[in-house]
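K.L.:
This is the content of start.txt (compact mmCIF, C-alpha atoms):
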# COMPACT_ATOMS: atom_id res chain seq x y z
CA MET X 1 -139.32 52.10 97.69
CA GLN X 2 -142.10 50.04 99.32
CA ARG X 3 -140.32 50.04 102.67
CA GLN X 4 -139.84 53.78 102.50
CA ALA X 5 -143.54 54.33 101.76
CA LEU X 6 -144.66 52.29 104.75
CA PRO X 7 -144.04 54.98 107.41
CA PHE X 8 -146.01 57.51 105.37
CA ILE X 9 -148.94 55.11 105.01
CA CYS X 10 -148.85 54.47 108.75
CA LEU X 11 -148.67 58.19 109.39
CA LEU X 12 -151.72 58.76 107.17
CA HIS X 13 -153.59 55.99 108.97
CA MET X 14 -152.72 57.38 112.39
CA LEU X 15 -153.56 60.95 111.41
CA ALA X 16 -156.89 59.91 109.87
CA ILE X 17 -157.96 58.05 112.99
CA PHE X 18 -156.92 60.91 115.27
CA TRP X 19 -158.77 63.34 113.01
CA TRP X 20 -161.83 61.11 112.92
CA ASN X 21 -161.95 60.99 116.71
CA VAL X 22 -162.09 64.77 116.99
CA PRO X 23 -165.73 65.87 116.97
CA GLN X 24 -166.49 67.22 113.52
CA HIS X 25 -168.15 70.58 113.11
CA TYR X 26 -168.06 71.02 116.86
CA ALA X 27 -168.84 74.72 116.35
CA ASN X 28 -172.37 73.72 115.41
CA ILE X 29 -172.86 71.65 118.53
CA ARG X 30 -175.23 73.29 120.95
CA TYR X 31 -173.98 72.86 124.47
CA ASP X 32 -176.06 73.50 127.51
CA GLN X 33 -175.89 77.22 128.27
CA ASP X 34 -174.19 76.61 131.59
CA TYR X 35 -171.44 74.52 129.97
CA ASP X 36 -170.13 77.47 127.92
CA ASN X 37 -169.08 79.22 131.10
CA THR X 38 -167.24 76.35 132.74
CA PRO X 39 -163.43 76.20 133.06
CA LEU X 40 -163.51 72.85 131.24
CA PHE X 41 -165.02 74.46 128.16
CA ALA X 42 -162.45 77.27 128.30
CA ARG X 43 -159.66 74.68 128.02
CA GLU X 44 -161.48 72.52 125.50
CA GLU X 45 -162.26 75.24 122.96
CA PRO X 46 -158.69 76.13 121.88
CA LEU X 47 -157.85 72.43 121.58
CA LEU X 48 -160.78 71.84 119.27
CA ASN X 49 -159.94 75.00 117.33
CA ALA X 50 -156.44 73.71 116.72
CA ALA X 51 -157.67 70.33 115.58
CA GLU X 52 -160.39 71.58 113.27
CA ILE X 53 -159.61 71.42 109.58
CA ARG X 54 -161.63 73.46 107.13
CA ALA X 55 -164.07 71.36 105.10
CA ASN X 56 -162.64 72.49 101.77
CA HIS X 57 -159.04 71.87 102.81
CA THR X 58 -157.16 69.25 100.78
CA LEU X 59 -156.06 67.46 103.93
CA SER X 60 -159.67 67.34 105.13
CA TRP X 61 -160.71 65.86 101.77
CA LEU X 62 -157.94 63.28 101.91
CA LEU X 63 -158.65 62.20 105.49
CA ASN X 64 -162.38 62.11 104.89
CA HIS X 65 -161.99 59.83 101.90
CA TYR X 66 -159.49 57.64 103.69
CA ILE X 67 -161.97 57.07 106.54
CA ASP X 68 -164.81 56.54 104.04
CA LEU X 69 -162.79 53.94 102.18
CA THR X 70 -161.57 52.07 105.23
CA GLY X 71 -164.45 52.82 107.59
CA SER X 72 -165.88 49.34 107.65
CA GLN X 73 -162.50 47.74 107.81
CA GLN X 74 -161.07 49.63 110.76
CA TYR X 75 -161.64 46.59 112.93
CA TRP X 76 -158.89 45.00 110.97
CA ASP X 77 -156.20 46.61 113.03
CA PHE X 78 -154.70 46.89 109.56
CA PHE X 79 -154.76 43.38 108.14
CA ALA X 80 -157.24 40.93 109.73
CA PRO X 81 -160.14 40.23 107.37
CA ALA X 82 -163.69 40.92 108.47
CA SER X 83 -166.24 38.23 107.72
CA PRO X 84 -169.67 39.17 109.06
CA LYS X 85 -171.87 36.14 109.62
CA THR X 86 -174.99 38.15 110.23
CA HIS X 87 -175.99 41.04 107.99
CA GLN X 88 -177.79 43.92 109.59
CA TYR X 89 -179.33 47.32 109.06
CA PHE X 90 -181.48 49.81 110.96
CA SER X 91 -184.89 51.26 110.31
CA VAL X 92 -186.52 54.17 112.09
CA CYS X 93 -190.20 54.56 111.36
CA ARG X 94 -193.45 55.81 112.79
CA SER X 95 -195.30 52.52 112.78
CA ALA X 96 -194.32 48.87 112.48
CA ILE X 97 -195.77 45.40 112.60
CA LYS X 98 -194.22 42.18 113.91
CA HIS X 99 -194.24 38.83 112.19
CA PRO X 100 -192.78 36.58 114.89
CA GLU X 101 -193.12 33.41 112.80
CA GLN X 102 -190.85 34.85 110.13
CA GLY X 103 -188.69 36.70 112.69
CA GLU X 104 -189.44 39.84 110.76
CA ILE X 105 -190.50 43.34 111.78
CA ILE X 106 -191.75 45.56 108.97
CA CYS X 107 -192.21 49.32 108.91
CA THR X 108 -195.77 50.10 107.86
CA SER X 109 -194.94 53.75 107.22
CA PRO X 110 -192.15 55.15 105.05
CA PRO X 111 -189.00 54.96 107.19
CA PHE X 112 -187.38 58.18 108.37
CA PHE X 113 -184.09 56.35 108.15
CA SER X 114 -182.88 53.05 106.75
CA ASN X 115 -179.41 52.02 105.72
CA LEU X 116 -180.67 49.17 103.58
CA ASN X 117 -179.64 49.98 100.04
CA LEU X 118 -181.92 48.19 97.60
CA ASN X 119 -180.57 50.18 94.66
CA PHE X 120 -177.06 48.82 94.83
CA LYS X 121 -175.52 49.37 91.44
CA GLY X 122 -171.90 48.70 92.21
CA PHE X 123 -169.04 49.96 94.28
CA ASN X 124 -167.84 53.49 93.73
CA LEU X 125 -164.33 53.92 95.04
CA PHE X 126 -164.79 57.64 95.62
CA LYS X 127 -168.27 57.58 97.18
CA PRO X 128 -168.17 54.71 99.63
CA ASN X 129 -170.46 56.27 102.25
CA ASP X 130 -172.00 52.86 102.88
CA SER X 131 -169.03 51.96 105.03
CA ARG X 132 -170.02 54.69 107.49
CA TRP X 133 -173.58 53.36 107.73
CA TYR X 134 -172.25 49.84 108.16
CA ARG X 135 -170.00 51.00 110.94
CA LEU X 136 -172.78 52.96 112.64
CA THR X 137 -175.07 49.92 112.62
CA GLU X 138 -172.36 47.64 113.88
CA ASN X 139 -171.38 49.96 116.73
CA LEU X 140 -174.90 50.81 117.84
CA SER X 141 -176.04 47.19 117.80
CA SER X 142 -172.98 45.64 119.38
CA LEU X 143 -172.56 48.25 122.11
CA ASN X 144 -176.21 47.78 123.11
CA ASP X 145 -176.02 51.08 124.95
CA PRO X 146 -179.55 52.39 125.74
CA PRO X 147 -178.53 56.09 125.97
CA LEU X 148 -176.85 55.89 122.54
CA LEU X 149 -179.84 54.13 121.01
CA SER X 150 -182.23 56.62 122.58
CA ALA X 151 -180.21 59.53 121.21
CA PHE X 152 -180.34 57.99 117.75
CA ALA X 153 -184.11 57.48 117.92
CA ASP X 154 -184.69 60.89 119.55
CA PHE X 155 -183.12 62.62 116.57
CA TYR X 156 -185.78 61.16 114.29
CA GLN X 157 -188.49 61.73 116.83
CA VAL X 158 -187.64 65.43 116.76
CA GLN X 159 -187.88 65.31 112.98
CA ASP X 160 -191.29 63.68 113.34
CA ARG X 161 -192.52 66.37 115.72
CA ARG X 162 -192.02 68.88 112.95
CA GLY X 163 -194.73 67.01 111.08
CA THR X 164 -198.35 66.64 112.00
CA LEU X 165 -198.10 63.45 114.05
CA LYS X 166 -196.33 63.40 117.39
CA LYS X 167 -195.81 59.72 118.06
CA PRO X 168 -192.77 57.91 119.41
CA VAL X 169 -190.74 56.31 116.64
CA TRP X 170 -189.64 52.69 116.31
CA LEU X 171 -185.97 51.82 116.12
CA ILE X 172 -185.66 48.39 114.56
CA LEU X 173 -182.54 46.30 114.10
CA HIS X 174 -182.97 44.02 111.10
CA GLN X 175 -180.65 41.05 111.08
CA PHE X 176 -180.50 38.15 108.70
CA GLU X 177 -178.23 35.23 108.09
CA LEU X 178 -177.74 33.81 104.63
CA ALA X 179 -177.16 30.09 104.62
CA PRO X 180 -176.92 29.00 100.99
CA GLY X 181 -176.48 25.34 101.90
CA LEU X 182 -179.71 25.17 103.90
CA LYS X 183 -182.36 23.75 101.58
CA GLY X 184 -185.70 25.52 101.55
CA LEU X 185 -184.48 28.65 103.32
CA PRO X 186 -185.91 31.76 101.59
CA ALA X 187 -183.51 33.79 99.48
CA PHE X 188 -183.54 36.63 102.04
CA GLY X 189 -182.18 34.25 104.66
CA TYR X 190 -183.12 33.62 108.26
CA ARG X 191 -184.52 36.79 109.84
CA MET X 192 -183.81 37.84 113.41
CA ASP X 193 -185.27 41.35 113.60
CA SER X 194 -185.57 42.99 116.99
CA VAL X 195 -187.06 46.19 118.38
CA LEU X 196 -184.47 48.36 120.07
CA ILE X 197 -186.78 51.29 120.86
CA PRO X 198 -190.50 50.54 120.79
CA GLY X 199 -192.86 53.10 119.29
CA GLN X 200 -196.63 53.12 119.25
CA PRO X 201 -198.38 50.28 117.43
CA MET K 1 -129.14 61.23 111.16
CA LYS K 2 -129.98 57.59 110.48
CA TYR K 3 -133.45 56.73 109.24
CA TYR K 4 -135.19 53.61 110.53
CA PRO K 5 -138.35 53.06 108.47
CA VAL K 6 -139.36 49.83 110.20
CA LEU K 7 -138.94 51.25 113.70
CA SER K 8 -140.84 54.38 112.67
CA SER K 9 -143.63 52.24 111.29
CA LEU K 10 -143.93 50.22 114.47
CA PHE K 11 -143.98 53.39 116.55
CA LEU K 12 -146.69 54.91 114.39
CA MET K 13 -148.74 51.72 114.43
CA LEU K 14 -148.63 51.70 118.21
CA LEU K 15 -149.78 55.31 118.29
CA SER K 16 -152.49 54.52 115.78
CA ASN K 17 -153.69 51.58 117.83
CA GLY K 18 -153.78 53.84 120.87
CA ALA K 19 -156.01 56.22 118.95
CA SER K 20 -158.40 53.45 118.07
CA ALA K 21 -158.76 52.67 121.75
CA TYR K 22 -160.76 55.88 122.09
CA VAL K 23 -163.48 54.37 119.95
CA PRO K 24 -165.43 51.64 121.72
CA ASN K 25 -165.24 48.22 120.15
CA MET K 26 -162.99 49.49 117.43
CA GLY K 27 -160.45 46.80 117.88
CA GLY K 28 -157.78 48.81 119.63
CA SER K 29 -155.89 46.82 122.16
CA GLY K 30 -155.79 49.63 124.68
CA GLY K 31 -158.31 50.47 127.36
CA GLY K 32 -159.56 47.20 128.66
CA GLY K 33 -156.85 44.59 128.70
CA ALA K 34 -156.99 41.17 127.17
CA CYS K 35 -160.39 39.53 127.05
CA ALA K 36 -160.48 35.78 126.45
CA LYS K 37 -164.01 35.21 125.21
CA PRO K 38 -165.64 31.83 125.71
CA LYS K 39 -165.77 29.76 122.55
CA PHE K 40 -168.38 27.28 121.43
CA SER K 41 -167.85 24.46 118.97
CA HIS K 42 -168.78 20.88 117.96
CA PHE K 43 -172.41 21.72 117.23
CA MET K 44 -174.82 18.79 116.94
CA PRO K 45 -176.84 18.58 114.78
CA ALA K 46 -174.36 20.18 112.44
CA ALA K 47 -174.95 23.67 111.07
CA LYS K 48 -177.47 23.63 108.19
CA GLY K 49 -178.48 20.13 109.23
CA GLU K 50 -181.91 18.72 110.09
CA ALA K 51 -183.36 17.63 113.42
CA LYS K 52 -186.70 16.42 114.74
CA PRO K 53 -188.79 18.41 117.23
CA ASN K 54 -187.87 17.72 120.85
CA SER K 55 -184.62 16.04 119.81
CA ILE K 56 -181.33 16.51 121.58
CA PHE K 57 -178.77 19.12 120.53
CA SER K 58 -175.31 19.60 121.97
CA PHE K 59 -172.17 21.69 121.74
CA VAL K 60 -168.85 22.10 123.52
CA ALA K 61 -167.92 25.18 125.54
CA SER K 62 -164.31 26.19 126.01
CA PRO K 63 -162.77 25.61 129.46
CA ASN K 64 -162.73 29.30 130.36
CA THR K 65 -166.55 29.45 130.17
CA HIS K 66 -168.50 29.88 133.39
CA PRO K 67 -170.98 26.97 133.09
CA LYS K 68 -173.78 28.82 134.90
CA SER K 69 -173.53 31.76 132.51
CA ILE K 70 -174.42 29.65 129.46
CA LYS K 71 -177.80 30.63 128.05
CA VAL K 72 -179.41 29.05 125.02
CA THR K 73 -182.40 30.09 122.97
CA VAL K 74 -183.90 28.33 119.98
CA LYS K 75 -185.72 30.76 117.73
CA ASP K 76 -185.95 33.13 120.70
CA ILE K 77 -187.42 30.41 122.95
CA PRO K 78 -185.26 29.95 126.09
CA VAL K 79 -184.10 26.36 126.53
CA GLU K 80 -182.77 24.65 129.65
CA VAL K 81 -179.41 22.99 129.19
CA ASN K 82 -177.30 20.52 131.11
CA THR K 83 -173.61 21.16 131.43
CA SER K 84 -171.32 18.22 132.05
CA SER K 85 -168.44 18.47 134.47
CA LYS K 86 -165.20 19.73 133.03
CA MET K 87 -163.76 16.93 130.92
CA GLU K 88 -160.76 17.11 128.64
CA ASN K 89 -160.55 20.86 129.17
CA ALA K 90 -164.06 21.56 127.91
CA PHE K 91 -167.71 21.41 128.89
CA LYS K 92 -170.25 19.43 126.95
CA VAL K 93 -173.63 21.15 126.92
CA THR K 94 -176.85 19.37 125.94
CA GLY K 95 -180.48 20.41 125.62
CA SER K 96 -183.70 19.57 123.84
CA LEU K 97 -185.23 21.44 120.94
CA PRO K 98 -188.65 22.91 121.81
CA ALA K 99 -191.46 20.51 120.91
CA SER K 100 -193.50 23.46 119.63
CA LEU K 101 -191.10 24.12 116.78
CA LYS K 102 -192.03 21.99 113.80
CA ASN K 103 -191.32 22.28 110.12
CA THR K 104 -189.36 25.48 110.48
CA PHE K 105 -185.88 26.92 110.40
CA ALA K 106 -184.37 27.84 113.73
CA ARG K 107 -181.20 29.35 115.04
CA ILE K 108 -179.75 27.87 118.20
CA SER K 109 -178.19 30.88 119.90
CA ILE K 110 -175.67 30.52 122.70
CA SER K 111 -174.25 33.17 124.99
CA GLY K 112 -171.87 32.82 127.86
CA GLU K 113 -169.27 34.56 129.97
CA SER K 114 -165.72 33.85 130.98
CA SER K 115 -163.69 35.44 133.72
CA GLY K 116 -163.52 39.21 133.54
CA GLN K 117 -167.13 39.22 132.34
CA CYS K 118 -165.94 38.62 128.78
CA LYS K 119 -169.01 37.77 126.80
CA GLY K 120 -169.10 35.39 123.89
CA ALA K 121 -171.92 34.44 121.59
CA GLU K 122 -172.31 31.86 118.87
CA GLY K 123 -175.05 30.00 117.14
CA TRP K 124 -176.00 27.89 114.19
CA LEU K 125 -178.92 27.43 111.86
CA ILE K 126 -180.79 24.14 111.50
CA LYS K 127 -183.99 22.92 109.94
CA ILE K 128 -186.52 21.32 112.30
CA THR K 129 -188.60 18.76 110.47
CA GLU K 130 -192.16 17.64 111.18
Can you dump the structure from the file as structure tokens?

P.N.:
Amino acid sequence: MQRQALPFICLLHMLAIFWWNVPQHYANIRYDQDYDNTPLFAREEPLLNAAEIRANHTLSWLLNHYIDLTGSQQYWDFFAPASPKTHQYFSVCRSAIKHPEQGEIICTSPPFFSNLNLNFKGFNLFKPNDSRWYRLTENLSSLNDPPLLSAFADFYQVQDRRGTLKKPVWLILHQFELAPGLKGLPAFGYRMDSVLIPGQP
Amino acid sequence: MKYYPVLSSLFLMLLSNGASAYVPNMGGSGGGGACAKPKFSHFMPAAKGEAKPNSIFSFVASPNTHPKSIKVTVKDIPVEVNTSSKMENAFKVTGSLPASLKNTFARISISGESSGQCKGAEGWLIKITE
């Protein structure tokens, strides 16, 4: 029975990853006006149409939850365990202050975005969105790709422009290492925060 | 028609791995070939250990490391290091902790490259006493 189930599990895994790689909700993406008229777009559109699954479709629900559940473990290539040495999260905020002695950078305004969850109450098997945030942080920080980082910060800068202040936003990578055996180290560990996109002081 | 579950599984896993190659750094084996990252080990002082300011630290770099690519920082302060000639299939790297760091925790961070511009990074935490 187990051997017979294996191909179906593999098929689900393969299908979920293929599905995940297809841009979601591409219909809402605003291309440059000129791009709509190119031959490349003419060929691309039917392919994306064929791959799109309606949001309320059972298959869409299943694949979405599969990726949510396994999102932070996809590095496994199935079975290798992940053991992050350094913990990390992002903050996007309007103003920040550096504390070089502590290796810490703190937002002095309410962050537009932060994937630090201080209200962790337990793991919910059916709402594991944290794995997506974890994956996003890991990819953005490890790729160290300035255009990707700029795009991420720009999104929140546009949000900020809708408000009253029009200042560049800070994109901060917070990293810390917990070393329980190191006597005297604060409970929050050794901080190694860094500014990825500098805003205004 | 005969059914081969194991062969089917292998085929699907290969396809799946190919899909993951579309996502950068996802772990897929496709799209970049093998990359033998440099490895660093034998840290002195040991991780979570104590050391005095300006004292010597050392580590061993794997033989595939380009010695000139090795860069070391201690609590974000760049430190000059000496790399021994290749002995017993490894390089011994030594340096001095910055004299300015006293009574603090510090991470000795190493980065280096091997052939094919494969980058590796490692590091360890220590306590620097007064």

K.L.:
One decimal, Å: what's the distance from CA of Lys39 (chain K) over to CA of Ser84 (chain K), could you say?

P.N.:
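The value is 15.9 Å.
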
K.L.:
At a cut-off of 9 Å, using all atoms listed in the file, what residues contact region 122-128 of chain K? Leave out same-chain residues fewer than 2 positions from it and give the result as an NGL selection string.

P.N.:
(:X and (177 or 179 or 182-185 or 190)) or (:K and (39-41 or 43 or 45-53 or 97 or 101-111 or 120 or 130))

K.L.:
Return the single residue from X:Cys107, X:Leu149, X:Met192, X:Ile97 that is closest to chain K, with distances computed using only C-alpha atoms.

P.N.:
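Of X:Cys107, X:Leu149, X:Met192, X:Ile97, the one nearest chain K is X:Met192, counting only C-alpha atoms.
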
K.L.:
Would you compute the distance between CA of Pro198 (chain X) and CA of Ile77 (chain K)? Give it in Å to one decimal.

P.N.:
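Separation of CA of Pro198 (chain X) and CA of Ile77 (chain K): 20.5 Å.
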
K.L.:
Give me, please, the distance in Å between CA of Ala5 (chain X) and CA of Asp68 (chain X), quoted to one decimal.

P.N.:
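Result for CA of Ala5 (chain X) versus CA of Asp68 (chain X): 21.5 Å, one decimal.
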
K.L.:
Which polymer residues have any atom within 10 Å of an atom of Phe91 (chain K), counting only C-alpha atoms, with same-chain residues fewer than 3 positions away left out, as a short mmCIF file (atom, residue, chain, number, x, y, z; two decimals) with C-alpha atoms, keeping the file's coordinate frame?

P.N.:
data_model
loop_
_atom_site.label_atom_id
_atom_site.label_comp_id
_atom_site.auth_asym_id
_atom_site.auth_seq_id
_atom_site.Cartn_x
_atom_site.Cartn_y
_atom_site.Cartn_z
CA PHE K 40 -168.38 27.28 121.43
CA PHE K 59 -172.17 21.69 121.74
CA VAL K 60 -168.85 22.10 123.52
CA ALA K 61 -167.92 25.18 125.54
CA SER K 62 -164.31 26.19 126.01
CA PRO K 63 -162.77 25.61 129.46
CA ASN K 64 -162.73 29.30 130.36
CA THR K 65 -166.55 29.45 130.17
CA HIS K 66 -168.50 29.88 133.39
CA PRO K 67 -170.98 26.97 133.09
CA ASN K 82 -177.30 20.52 131.11
CA THR K 83 -173.61 21.16 131.43
CA SER K 84 -171.32 18.22 132.05
CA SER K 85 -168.44 18.47 134.47
CA LYS K 86 -165.20 19.73 133.03
CA MET K 87 -163.76 16.93 130.92
CA GLU K 88 -160.76 17.11 128.64
CA THR K 94 -176.85 19.37 125.94
#

K.L.:
Find, counting only C-alpha atoms, the residue in X:Ser114, X:Ser95, X:Gln157, X:Gln4 that gets nearest to chain K.

P.N.:
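Distance minimum relative to chain K lands on X:Gln4.
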
K.L.:
Could you check the closest approach to Tyr89 (chain X) for each of X:Asn144, X:Gln159, X:Ser109, X:Asn139 and tell me which residue wins, using all atoms listed in the file?

P.N.:
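Closest to Tyr89 (chain X) of all the choices is X:Asn139.
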